[in-house]
file structure.txt (compact mmCIF, C-alpha atoms)
# COMPACT_ATOMS: atom_id res chain seq x y z
CA MET A 153 152.77 104.41 129.22
CA SER A 154 155.92 104.33 127.09
CA VAL A 155 155.93 106.26 123.79
CA ILE A 156 158.04 103.60 122.12
CA GLU A 157 157.50 99.85 122.49
CA VAL A 158 160.33 97.43 121.72
CA THR A 159 159.75 93.68 121.42
CA ARG A 160 162.79 91.43 121.01
CA LEU A 161 162.25 88.18 119.11
CA PRO A 162 164.73 85.59 117.75
CA GLY A 163 166.49 87.14 114.73
CA HIS A 164 164.70 90.50 114.78
CA THR A 165 163.35 93.31 116.94
CA ALA A 166 159.91 94.90 116.54
CA VAL A 167 159.71 98.64 117.26
CA ARG A 168 156.40 100.53 117.57
CA LEU A 169 155.80 104.21 118.14
CA ARG A 170 152.46 105.11 119.70
CA ARG A 171 152.35 108.70 118.39
CA PRO A 172 152.55 108.78 115.42
CA SER A 173 151.43 105.18 115.05
CA VAL A 174 154.42 103.71 113.22
CA SER A 175 155.93 100.24 113.51
CA ALA A 176 158.99 98.59 112.00
CA VAL A 177 160.99 95.37 112.22
CA VAL A 178 164.76 95.70 112.68
CA ARG A 179 166.90 92.71 111.69
CA PRO A 180 170.40 93.24 113.15
CA ARG A 181 172.07 90.61 110.95
CA LEU A 182 170.54 92.09 107.78
CA LEU A 183 171.54 95.59 108.84
CA VAL A 184 175.15 94.56 109.54
CA THR A 185 175.28 92.66 106.22
CA CYS A 186 174.14 95.75 104.30
CA LEU A 187 176.67 97.99 106.06
CA VAL A 188 179.55 95.59 105.40
CA LEU A 189 178.53 95.14 101.74
CA ALA A 190 178.24 98.92 101.29
CA ALA A 191 181.71 99.48 102.79
CA LEU A 192 183.24 96.76 100.58
CA THR A 193 181.52 98.21 97.50
CA VAL A 194 182.95 101.68 98.16
CA LEU A 195 186.40 100.16 98.77
CA VAL A 196 186.37 98.15 95.51
CA LEU A 197 185.02 101.19 93.63
CA CYS A 198 187.94 103.31 94.88
CA LEU A 199 190.45 100.53 94.10
CA GLY A 200 189.10 100.39 90.54
CA LEU A 201 189.51 104.15 90.20
CA ALA A 202 193.03 104.07 91.65
CA THR A 203 194.50 101.27 89.54
CA GLY A 204 195.33 101.37 85.86
CA ASP A 205 198.09 102.40 83.45
CA TYR A 206 198.54 105.52 85.59
CA PRO A 207 198.21 104.29 89.20
CA LEU A 208 196.94 106.69 91.85
CA GLY A 209 196.78 106.63 95.64
CA LEU A 210 193.43 106.27 97.38
CA PRO A 211 193.73 109.79 98.95
CA ASP A 212 194.19 111.22 95.43
CA VAL A 213 191.08 109.38 94.25
CA VAL A 214 189.00 110.67 97.16
CA GLN A 215 190.22 114.23 96.56
CA ALA A 216 189.34 114.01 92.87
CA LEU A 217 185.85 112.68 93.68
CA VAL A 218 185.12 115.68 95.92
CA GLY A 219 186.46 118.13 93.32
CA ALA A 220 189.87 118.76 94.92
CA GLY A 221 193.34 117.75 93.74
CA ASP A 222 195.11 118.66 90.50
CA ALA A 223 193.38 118.85 87.12
CA GLY A 224 195.21 115.84 85.69
CA THR A 225 194.10 113.55 88.49
CA ARG A 226 190.50 114.78 88.23
CA LEU A 227 190.56 114.12 84.48
CA ILE A 228 191.77 110.54 84.98
CA VAL A 229 189.41 109.74 87.85
CA VAL A 230 186.22 111.63 86.97
CA GLU A 231 186.24 111.68 83.18
CA LEU A 232 188.06 108.46 82.25
CA ARG A 233 187.52 105.90 85.03
CA LEU A 234 184.44 106.94 87.01
CA PRO A 235 181.82 106.37 84.22
CA ARG A 236 182.94 102.76 83.76
CA ALA A 237 182.89 102.15 87.51
CA LEU A 238 179.45 103.71 87.91
CA ILE A 239 178.01 101.62 85.06
CA GLY A 240 179.36 98.52 86.83
CA LEU A 241 177.94 99.59 90.19
CA LEU A 242 174.50 100.61 88.88
CA ALA A 243 174.10 97.70 86.45
CA GLY A 244 175.18 95.18 89.09
CA ALA A 245 172.68 96.59 91.57
CA ALA A 246 169.89 96.57 88.97
CA PHE A 247 170.58 93.00 87.80
CA ALA A 248 170.65 91.71 91.37
CA MET A 249 167.52 93.52 92.56
CA SER A 250 165.65 92.35 89.46
CA GLY A 251 166.78 88.78 90.15
CA ALA A 252 165.69 89.04 93.79
CA ILE A 253 162.19 90.17 92.77
CA MET A 254 161.77 87.42 90.16
CA GLN A 255 163.12 84.66 92.41
CA THR A 256 160.74 85.71 95.17
CA LEU A 257 157.74 86.09 92.86
CA THR A 258 158.24 82.66 91.32
CA ARG A 259 159.55 81.09 94.55
CA ASN A 260 162.33 79.56 92.49
CA ALA A 261 166.05 80.25 93.09
CA LEU A 262 166.83 79.56 89.42
CA ALA A 263 164.31 82.07 88.03
CA SER A 264 166.50 85.02 87.09
CA PRO A 265 166.14 87.37 84.09
CA ASP A 266 168.92 85.38 82.37
CA MET A 267 166.95 82.15 82.61
CA LEU A 268 163.56 83.70 81.76
CA GLY A 269 164.71 85.15 78.45
CA ILE A 270 164.63 88.89 79.27
CA THR A 271 168.33 89.43 78.56
CA SER A 272 168.19 87.07 75.57
CA GLY A 273 165.37 89.20 74.16
CA ALA A 274 167.57 92.27 74.52
CA GLY A 275 170.41 90.40 72.81
CA THR A 276 168.15 89.36 69.93
CA ALA A 277 167.16 92.97 69.32
CA VAL A 278 170.76 94.23 69.43
CA VAL A 279 172.14 91.50 67.16
CA GLY A 280 169.21 91.91 64.77
CA GLY A 281 169.85 95.66 64.68
CA LEU A 282 173.52 95.10 63.86
CA VAL A 283 172.85 92.54 61.14
CA PHE A 284 170.01 94.43 59.46
CA GLY A 285 171.58 97.87 59.91
CA VAL A 286 168.93 99.40 62.18
CA GLY A 287 170.57 102.64 63.32
CA LEU A 288 169.00 102.96 66.78
CA GLY A 289 172.08 102.10 68.86
CA ALA A 290 172.67 99.14 71.19
CA GLN A 291 171.18 100.92 74.21
CA THR A 292 167.85 101.66 72.56
CA LEU A 293 167.62 98.25 70.89
CA GLY A 294 168.54 96.38 74.08
CA LEU A 295 165.96 98.29 76.11
CA ALA A 296 163.23 97.72 73.51
CA GLY A 297 164.09 94.03 73.14
CA ALA A 298 163.98 93.37 76.87
CA LEU A 299 160.66 95.15 77.35
CA LEU A 300 159.01 93.46 74.34
CA THR A 301 160.21 90.04 75.51
CA ALA A 302 158.77 90.65 78.98
CA VAL A 303 155.40 91.65 77.47
CA LEU A 304 155.44 88.51 75.30
CA ILE A 305 156.20 86.23 78.28
CA TYR A 306 153.46 87.81 80.39
CA ALA A 307 150.92 87.59 77.55
CA LEU A 308 151.72 83.93 76.84
CA ALA A 309 151.58 83.09 80.57
CA TRP A 310 148.18 84.77 80.97
CA ASN A 311 145.23 82.44 81.49
CA ARG A 312 142.69 84.33 83.59
CA GLY A 313 145.69 85.52 85.55
CA THR A 314 149.31 84.44 85.83
CA THR A 315 151.26 82.25 88.21
CA GLY A 316 154.96 82.09 88.95
CA PHE A 317 155.12 78.54 87.61
CA ARG A 318 153.66 79.49 84.21
CA ILE A 319 155.95 82.53 83.95
CA VAL A 320 158.99 80.30 84.57
CA LEU A 321 157.95 77.70 81.96
CA ILE A 322 157.05 80.28 79.31
CA GLY A 323 160.20 82.29 80.08
CA ILE A 324 162.49 79.28 79.62
CA GLY A 325 160.84 78.53 76.27
CA VAL A 326 161.13 82.13 75.08
CA ASN A 327 164.76 82.19 76.23
CA TRP A 328 165.68 79.25 74.00
CA VAL A 329 163.82 80.72 71.05
CA CYS A 330 165.77 83.97 71.46
CA VAL A 331 169.07 82.09 71.83
CA SER A 332 168.35 80.19 68.60
CA ILE A 333 167.56 83.43 66.74
CA ILE A 334 170.77 85.02 68.04
CA GLN A 335 172.86 82.08 66.85
CA TYR A 336 171.17 82.15 63.43
CA LEU A 337 171.77 85.90 63.08
CA ILE A 338 175.44 85.57 64.06
CA VAL A 339 175.94 82.82 61.46
CA LYS A 340 174.36 85.04 58.80
CA ALA A 341 176.22 88.19 59.89
CA LYS A 342 179.36 89.57 58.29
CA GLU A 343 182.60 89.08 60.19
CA TYR A 344 182.80 92.56 61.76
CA GLN A 345 179.08 92.45 62.62
CA ALA A 346 179.52 89.09 64.34
CA GLN A 347 182.48 90.46 66.33
CA GLN A 348 180.43 93.47 67.44
CA ALA A 349 177.50 91.23 68.41
CA VAL A 350 179.61 88.78 70.43
CA GLY A 351 181.40 91.67 72.15
CA TRP A 352 178.07 93.08 73.35
CA LEU A 353 176.43 89.74 74.19
CA VAL A 354 179.13 88.76 76.68
CA GLY A 355 178.55 91.85 78.85
CA ASN A 356 181.15 94.57 78.64
CA LEU A 357 182.07 97.80 80.45
CA ASN A 358 184.81 98.82 78.04
CA GLY A 359 184.31 102.21 76.42
CA ARG A 360 181.44 103.28 78.65
CA GLY A 361 181.12 107.04 79.25
CA TRP A 362 178.84 109.53 80.97
CA GLU A 363 176.34 109.23 78.09
CA HIS A 364 175.71 105.65 79.26
CA VAL A 365 175.63 106.52 82.98
CA ARG A 366 172.96 109.23 82.91
CA PRO A 367 169.97 107.25 81.49
CA LEU A 368 170.76 104.28 83.74
CA ALA A 369 171.06 106.47 86.85
CA VAL A 370 167.78 108.28 86.10
CA ALA A 371 165.97 104.97 85.49
CA LEU A 372 167.25 103.43 88.72
CA ALA A 373 166.36 106.57 90.69
CA VAL A 374 162.74 105.83 89.76
CA LEU A 375 162.66 102.02 89.65
CA ILE A 376 164.54 101.15 92.86
CA PRO A 377 162.24 103.22 95.14
CA LEU A 378 159.24 101.69 93.33
CA ALA A 379 160.59 98.17 93.92
CA LEU A 380 161.14 98.94 97.62
CA LEU A 381 157.65 100.43 97.83
CA PHE A 382 156.20 97.17 96.47
CA GLY A 383 158.22 95.17 99.06
CA PRO A 384 155.22 94.37 101.32
CA TRP A 385 153.34 92.92 98.33
CA LEU A 386 156.39 90.85 97.45
CA ARG A 387 156.58 89.41 100.99
CA ALA A 388 152.86 88.51 100.86
CA LEU A 389 153.11 86.89 97.40
CA GLN A 390 155.95 84.72 98.64
CA LEU A 391 153.38 82.99 100.88
CA GLY A 392 151.27 81.97 97.88
CA ASP A 393 148.45 83.61 95.94
CA GLN A 394 145.65 82.45 98.23
CA VAL A 395 147.35 83.64 101.40
CA ALA A 396 148.30 86.95 99.76
CA ALA A 397 144.70 87.48 98.62
CA GLY A 398 143.55 86.68 102.14
CA LEU A 399 145.88 89.40 103.44
CA GLY A 400 144.24 91.93 101.12
CA VAL A 401 146.87 92.00 98.38
CA PRO A 402 145.52 92.49 94.82
CA VAL A 403 147.45 89.47 93.53
CA GLN A 404 147.40 90.04 89.77
CA ARG A 405 147.98 93.81 89.97
CA ALA A 406 150.76 93.29 92.52
CA ARG A 407 152.47 90.65 90.37
CA LEU A 408 152.22 92.86 87.27
CA ALA A 409 153.62 95.90 89.12
CA LEU A 410 156.54 93.89 90.54
CA LEU A 411 157.29 92.31 87.18
CA CYS A 412 157.28 95.76 85.54
CA ALA A 413 159.78 97.02 88.13
CA ALA A 414 162.00 93.94 87.73
CA VAL A 415 161.91 94.05 83.92
CA GLY A 416 162.60 97.79 83.89
CA LEU A 417 165.66 97.29 86.10
CA VAL A 418 167.15 94.52 83.99
CA ALA A 419 166.23 96.24 80.71
CA PHE A 420 168.06 99.48 81.50
CA ALA A 421 171.03 97.58 82.98
CA THR A 422 171.30 95.36 79.90
CA ALA A 423 171.03 98.37 77.61
CA ALA A 424 173.98 100.02 79.41
CA ALA A 425 176.32 97.09 80.05
CA GLY A 426 175.05 94.17 77.99
CA PRO A 427 173.77 90.91 79.49
CA VAL A 428 176.37 90.38 82.25
CA ALA A 429 175.94 86.71 83.07
CA PHE A 430 174.90 85.15 86.40
CA VAL A 431 174.77 88.37 88.48
CA ALA A 432 170.96 88.34 88.61
CA LEU A 433 171.03 84.64 89.50
CA ALA A 434 173.83 84.48 92.05
CA ALA A 435 173.76 87.83 93.89
CA PRO A 436 170.28 87.40 95.47
CA GLN A 437 171.16 83.88 96.66
CA ILE A 438 174.46 85.08 98.15
CA ALA A 439 172.69 87.98 99.89
CA LEU A 440 170.01 85.63 101.23
CA ARG A 441 172.63 83.41 102.86
CA LEU A 442 174.66 86.34 104.22
CA ALA A 443 171.59 88.01 105.76
CA GLY A 444 169.96 84.77 106.95
CA THR A 445 166.52 85.78 105.68
CA ALA A 446 163.71 83.64 104.24
CA ARG A 447 163.82 85.38 100.83
CA PRO A 448 166.44 87.43 98.93
CA PRO A 449 166.54 90.87 100.61
CA LEU A 450 166.29 93.63 98.00
CA ILE A 451 168.86 96.14 99.29
CA ALA A 452 171.42 93.51 100.31
CA SER A 453 170.97 91.82 96.91
CA ALA A 454 171.57 95.13 95.11
CA LEU A 455 174.74 95.76 97.13
CA THR A 456 175.94 92.20 96.47
CA GLY A 457 175.34 92.64 92.73
CA ALA A 458 177.19 95.96 92.64
CA LEU A 459 180.12 94.48 94.58
CA THR A 460 180.19 91.42 92.30
CA VAL A 461 180.33 93.40 89.04
CA LEU A 462 182.89 95.90 90.37
CA GLY A 463 185.07 93.10 91.75
CA CYS A 464 184.87 91.03 88.54
CA ASP A 465 185.65 94.11 86.43
CA LEU A 466 188.69 94.82 88.60
CA ILE A 467 189.84 91.22 88.06
CA ALA A 468 189.23 91.52 84.31
CA GLN A 469 191.24 94.74 84.07
CA ARG A 470 194.19 93.85 86.29
CA LEU A 471 194.57 90.06 86.10
CA PHE A 472 194.28 90.04 82.30
CA ALA A 473 195.52 93.56 81.55
CA ASP A 474 196.76 92.71 78.03
CA LEU A 475 193.48 91.10 76.90
CA GLU A 476 190.84 93.81 77.67
CA LEU A 477 188.71 90.97 79.00
CA PRO A 478 184.97 91.82 79.23
CA VAL A 479 183.51 91.65 82.73
CA GLY A 480 180.89 89.14 81.54
CA VAL A 481 183.61 86.54 80.94
CA VAL A 482 184.73 86.73 84.59
CA THR A 483 181.18 86.63 85.99
CA GLY A 484 180.48 83.67 83.69
CA VAL A 485 183.53 81.75 84.89
CA LEU A 486 182.71 82.41 88.53
CA GLY A 487 178.94 82.03 88.11
CA ALA A 488 178.88 78.68 86.30
CA PRO A 489 180.04 76.66 89.36
CA PHE A 490 177.48 78.53 91.48
CA LEU A 491 174.71 77.56 89.03
CA LEU A 492 175.82 73.92 89.17
CA TRP A 493 175.72 74.06 92.97
CA LEU A 494 172.20 75.53 92.90
CA LEU A 495 171.03 72.83 90.46
CA ALA A 496 172.56 70.10 92.62
CA ARG A 497 170.94 71.57 95.72
CA ALA A 498 167.56 71.87 93.99
CA ASN A 499 167.81 68.25 92.85
CA ARG A 500 168.79 67.12 96.35
CA ILE A 501 165.88 68.80 98.14
CA GLY A 502 163.43 68.22 95.28
CA SER A 503 162.49 71.87 94.68
CA GLY A 504 163.53 74.91 92.71
CA GLY A 505 165.88 76.13 95.37
call {"tool": "encode", "arguments": {"input": "structure.txt", "output": "structure tokens"}}
result
Amino acid sequence: MSVIEVTRLPGHTAVRLRRPSVSAVVRPRLLVTCLVLAALTVLVLCLGLATGDYPLGLPDVVQALVGAGDAGTRLIVVELRLPRALIGLLAGAAFAMSGAIMQTLTRNALASPDMLGITSGAGTAVVGGLVFGVGLGAQTLGLAGALLTAVLIYALAWNRGTTGFRIVLIGIGVNWVCVSIIQYLIVKAKEYQAQQAVGWLVGNLNGRGWEHVRPLAVALAVLIPLALLFGPWLRALQLGDQVAAGLGVPVQRARLALLCAAVGLVAFATAAAGPVAFVALAAPQIALRLAGTARPPLIASALTGALTVLGCDLIAQRLFADLELPVGVVTGVLGAPFLLWLLARANRIGSGG
């Protein structure tokens, strides 16, 4: 009797070990997609570190990253450019993974943290803090605003339990309330306060340092493994509450745990980089189509989000070098046509995606 049993099926391969009793499903297309996305992300990260007012060669960048090379190059790469690049990479991954969880939970391709009001809640807290002089800092205010908004949406959607449909409807309503409050606060703000608020609301990596990287990295080191751990629950919930309950999934506890992970990811990312538009919406849908899966794959979505933010930031820095263009402007310009395509597709097939 063979120790390992391999069953090949269309699109995937099932592998089962007899001792210890462990089984897994290997999807070659998903695996190749993740490897290609990871390689492209590393390449764009290095290009971002190499280009600038003082251009460097890729070998110099690699040497600086491993602690070799001259002190001047290490200063430019590690101290000046690497924090910005890491914020882009980590925030992009967090936005995209959060979007993948929410789109799967609600079974709606348009249900991203942007659309459900989580990032608008963070923006309301930051703009309110600027206007009223609350000295907590944009990071703390953004994190608190996102978390409080998520709690409010969940509480309003609760009626002996929650459903994805109610969360989407309540989230859209809360989003527009937050947008209205932000616009009112900006109208009432002084000129320099309004400039600060708009600069943060568009999503910006300018001026980010290691003090912004560390809390985001620590948060993602906890939240991403948790999200992956909840992956089986997410796959079951995609089949509907009744089927998931029939499979032994505690539906309400599973939905709450997954929402907490998704909200935590987007809250820390927004606190570090601001609400970078459309990444949470578009990256999971791009990853889904690249990997050919039935739902947005979490790791491939995270890699797609990281690659998207790093690539857009590189475009913002180099294509418009004289303007110091925020990365959120580029993701907005590229994401708006994608949103229109998703809306047209949803209208054509008569569903949310």
call {"tool": "residues_around", "arguments": {"input": "structure.txt", "residues": "segment 482-499 of chain A", "least_positions_apart": "6", "cutoff": "9 Å", "atoms": "only C-alpha atoms", "output": "PDB file with C-alpha atoms, keeping the file's coordinate frame"}}
result
ATOM      1  CA  ALA A 261     166.050  80.250  93.090  1.00  0.00           C
ATOM      2  CA  LEU A 262     166.830  79.560  89.420  1.00  0.00           C
ATOM      3  CA  VAL A 354     179.130  88.760  76.680  1.00  0.00           C
ATOM      4  CA  VAL A 428     176.370  90.380  82.250  1.00  0.00           C
ATOM      5  CA  ALA A 429     175.940  86.710  83.070  1.00  0.00           C
ATOM      6  CA  PHE A 430     174.900  85.150  86.400  1.00  0.00           C
ATOM      7  CA  VAL A 431     174.770  88.370  88.480  1.00  0.00           C
ATOM      8  CA  LEU A 433     171.030  84.640  89.500  1.00  0.00           C
ATOM      9  CA  ALA A 434     173.830  84.480  92.050  1.00  0.00           C
ATOM     10  CA  THR A 460     180.190  91.420  92.300  1.00  0.00           C
ATOM     11  CA  VAL A 461     180.330  93.400  89.040  1.00  0.00           C
ATOM     12  CA  CYS A 464     184.870  91.030  88.540  1.00  0.00           C
ATOM     13  CA  ASP A 465     185.650  94.110  86.430  1.00  0.00           C
ATOM     14  CA  ILE A 467     189.840  91.220  88.060  1.00  0.00           C
ATOM     15  CA  ALA A 468     189.230  91.520  84.310  1.00  0.00           C
ATOM     16  CA  GLY A 505     165.880  76.130  95.370  1.00  0.00           C
TER      17      GLY A 505
END
call {"tool": "closest_residue", "arguments": {"input": "structure.txt", "among": "A:Ala423, A:Leu183, A:Val283, A:Ile253", "to": "Ala379 of chain A", "atoms": "all atoms listed in the file"}}
result
A:Ile253
call {"tool": "residues_around", "arguments": {"input": "structure.txt", "residues": "Gly294 of chain A", "least_positions_apart": "6", "cutoff": "7 Å", "atoms": "all atoms listed in the file", "output": "MDAnalysis selection string"}}
result
chainID A and resid 274:275 277:278 422:423
call {"tool": "closest_residue", "arguments": {"input": "structure.txt", "among": "A:Cys330, A:Leu238, A:Leu257, A:Ile322", "to": "Arg387 of chain A", "atoms": "all atoms listed in the file"}}
result
A:Leu257
call {"tool": "closest_residue", "arguments": {"input": "structure.txt", "among": "A:Ala373, A:Cys412, A:Met254, A:Leu182", "to": "Leu386 of chain A", "atoms": "all atoms listed in the file"}}
result
A:Met254
call {"tool": "axis_aligned_box", "arguments": {"input": "structure.txt", "around": "segment 398-409 of chain A", "padding_each_side": "3 Å", "output": "lines of an AutoDock Vina configuration file"}}
result
center_x = 148.6
center_y = 91.3
center_z = 95.4
size_x = 16.1
size_y = 15.2
size_z = 22.2
call {"tool": "closest_residue", "arguments": {"input": "structure.txt", "among": "A:Arg181, A:Ala413, A:Gln335, A:Leu389", "to": "Arg441 of chain A", "atoms": "all atoms listed in the file"}}
result
A:Arg181
call {"tool": "decode", "arguments": {"input": "structure.txt", "residues": "segment 235-255 of chain A", "atoms": "N, CA, C and O atoms", "output": "PDB file, in the first residue's frame"}}
result
ATOM      1  N   PRO A 235      11.427  52.327   3.546  1.00  0.00           N
ATOM      2  CA  PRO A 235      10.173  52.449   4.322  1.00  0.00           C
ATOM      3  C   PRO A 235       8.962  52.743   3.442  1.00  0.00           C
ATOM      4  O   PRO A 235       7.897  52.150   3.634  1.00  0.00           O
ATOM      5  N   ARG A 236       9.119  53.657   2.488  1.00  0.00           N
ATOM      6  CA  ARG A 236       7.997  53.976   1.592  1.00  0.00           C
ATOM      7  C   ARG A 236       7.578  52.740   0.791  1.00  0.00           C
ATOM      8  O   ARG A 236       6.377  52.447   0.658  1.00  0.00           O
ATOM      9  N   ALA A 237       8.577  52.018   0.269  1.00  0.00           N
ATOM     10  CA  ALA A 237       8.263  50.831  -0.529  1.00  0.00           C
ATOM     11  C   ALA A 237       7.575  49.759   0.312  1.00  0.00           C
ATOM     12  O   ALA A 237       6.631  49.094  -0.143  1.00  0.00           O
ATOM     13  N   LEU A 238       8.042  49.587   1.551  1.00  0.00           N
ATOM     14  CA  LEU A 238       7.431  48.559   2.406  1.00  0.00           C
ATOM     15  C   LEU A 238       6.005  48.926   2.795  1.00  0.00           C
ATOM     16  O   LEU A 238       5.127  48.054   2.879  1.00  0.00           O
ATOM     17  N   ILE A 239       5.755  50.219   3.047  1.00  0.00           N
ATOM     18  CA  ILE A 239       4.371  50.640   3.335  1.00  0.00           C
ATOM     19  C   ILE A 239       3.483  50.315   2.124  1.00  0.00           C
ATOM     20  O   ILE A 239       2.362  49.810   2.281  1.00  0.00           O
ATOM     21  N   GLY A 240       3.963  50.597   0.920  1.00  0.00           N
ATOM     22  CA  GLY A 240       3.188  50.285  -0.273  1.00  0.00           C
ATOM     23  C   GLY A 240       2.925  48.799  -0.400  1.00  0.00           C
ATOM     24  O   GLY A 240       1.800  48.368  -0.686  1.00  0.00           O
ATOM     25  N   LEU A 241       3.961  47.998  -0.183  1.00  0.00           N
ATOM     26  CA  LEU A 241       3.820  46.536  -0.299  1.00  0.00           C
ATOM     27  C   LEU A 241       2.841  45.990   0.744  1.00  0.00           C
ATOM     28  O   LEU A 241       1.909  45.246   0.422  1.00  0.00           O
ATOM     29  N   LEU A 242       3.053  46.368   2.016  1.00  0.00           N
ATOM     30  CA  LEU A 242       2.225  45.822   3.092  1.00  0.00           C
ATOM     31  C   LEU A 242       0.789  46.325   3.009  1.00  0.00           C
ATOM     32  O   LEU A 242      -0.169  45.559   3.189  1.00  0.00           O
ATOM     33  N   ALA A 243       0.625  47.631   2.752  1.00  0.00           N
ATOM     34  CA  ALA A 243      -0.730  48.184   2.671  1.00  0.00           C
ATOM     35  C   ALA A 243      -1.482  47.595   1.482  1.00  0.00           C
ATOM     36  O   ALA A 243      -2.673  47.259   1.595  1.00  0.00           O
ATOM     37  N   GLY A 244      -0.813  47.448   0.352  1.00  0.00           N
ATOM     38  CA  GLY A 244      -1.463  46.847  -0.815  1.00  0.00           C
ATOM     39  C   GLY A 244      -1.915  45.431  -0.537  1.00  0.00           C
ATOM     40  O   GLY A 244      -3.035  45.033  -0.893  1.00  0.00           O
ATOM     41  N   ALA A 245      -1.053  44.646   0.116  1.00  0.00           N
ATOM     42  CA  ALA A 245      -1.418  43.276   0.452  1.00  0.00           C
ATOM     43  C   ALA A 245      -2.601  43.237   1.416  1.00  0.00           C
ATOM     44  O   ALA A 245      -3.523  42.425   1.276  1.00  0.00           O
ATOM     45  N   ALA A 246      -2.591  44.140   2.411  1.00  0.00           N
ATOM     46  CA  ALA A 246      -3.668  44.158   3.407  1.00  0.00           C
ATOM     47  C   ALA A 246      -4.996  44.582   2.781  1.00  0.00           C
ATOM     48  O   ALA A 246      -6.037  43.965   3.040  1.00  0.00           O
ATOM     49  N   PHE A 247      -4.977  45.636   1.965  1.00  0.00           N
ATOM     50  CA  PHE A 247      -6.209  46.074   1.298  1.00  0.00           C
ATOM     51  C   PHE A 247      -6.801  44.927   0.467  1.00  0.00           C
ATOM     52  O   PHE A 247      -8.002  44.652   0.506  1.00  0.00           O
ATOM     53  N   ALA A 248      -5.941  44.277  -0.307  1.00  0.00           N
ATOM     54  CA  ALA A 248      -6.426  43.254  -1.232  1.00  0.00           C
ATOM     55  C   ALA A 248      -6.956  42.028  -0.493  1.00  0.00           C
ATOM     56  O   ALA A 248      -8.004  41.475  -0.862  1.00  0.00           O
ATOM     57  N   MET A 249      -6.240  41.585   0.549  1.00  0.00           N
ATOM     58  CA  MET A 249      -6.719  40.417   1.282  1.00  0.00           C
ATOM     59  C   MET A 249      -8.027  40.732   1.996  1.00  0.00           C
ATOM     60  O   MET A 249      -8.947  39.894   2.043  1.00  0.00           O
ATOM     61  N   SER A 250      -8.136  41.948   2.545  1.00  0.00           N
ATOM     62  CA  SER A 250      -9.390  42.356   3.178  1.00  0.00           C
ATOM     63  C   SER A 250     -10.531  42.360   2.155  1.00  0.00           C
ATOM     64  O   SER A 250     -11.641  41.876   2.435  1.00  0.00           O
ATOM     65  N   GLY A 251     -10.267  42.892   0.973  1.00  0.00           N
ATOM     66  CA  GLY A 251     -11.283  42.897  -0.073  1.00  0.00           C
ATOM     67  C   GLY A 251     -11.684  41.500  -0.487  1.00  0.00           C
ATOM     68  O   GLY A 251     -12.870  41.217  -0.718  1.00  0.00           O
ATOM     69  N   ALA A 252     -10.713  40.590  -0.569  1.00  0.00           N
ATOM     70  CA  ALA A 252     -11.016  39.202  -0.956  1.00  0.00           C
ATOM     71  C   ALA A 252     -11.925  38.543   0.068  1.00  0.00           C
ATOM     72  O   ALA A 252     -12.873  37.819  -0.287  1.00  0.00           O
ATOM     73  N   ILE A 253     -11.659  38.783   1.370  1.00  0.00           N
ATOM     74  CA  ILE A 253     -12.501  38.187   2.417  1.00  0.00           C
ATOM     75  C   ILE A 253     -13.926  38.738   2.328  1.00  0.00           C
ATOM     76  O   ILE A 253     -14.912  37.993   2.379  1.00  0.00           O
ATOM     77  N   MET A 254     -14.052  40.069   2.205  1.00  0.00           N
ATOM     78  CA  MET A 254     -15.384  40.675   2.194  1.00  0.00           C
ATOM     79  C   MET A 254     -16.182  40.287   0.942  1.00  0.00           C
ATOM     80  O   MET A 254     -17.389  40.044   1.016  1.00  0.00           O
ATOM     81  N   GLN A 255     -15.512  40.237  -0.205  1.00  0.00           N
ATOM     82  CA  GLN A 255     -16.217  39.848  -1.433  1.00  0.00           C
ATOM     83  C   GLN A 255     -16.691  38.404  -1.358  1.00  0.00           C
ATOM     84  O   GLN A 255     -17.773  38.058  -1.856  1.00  0.00           O
TER      85      GLN A 255
END
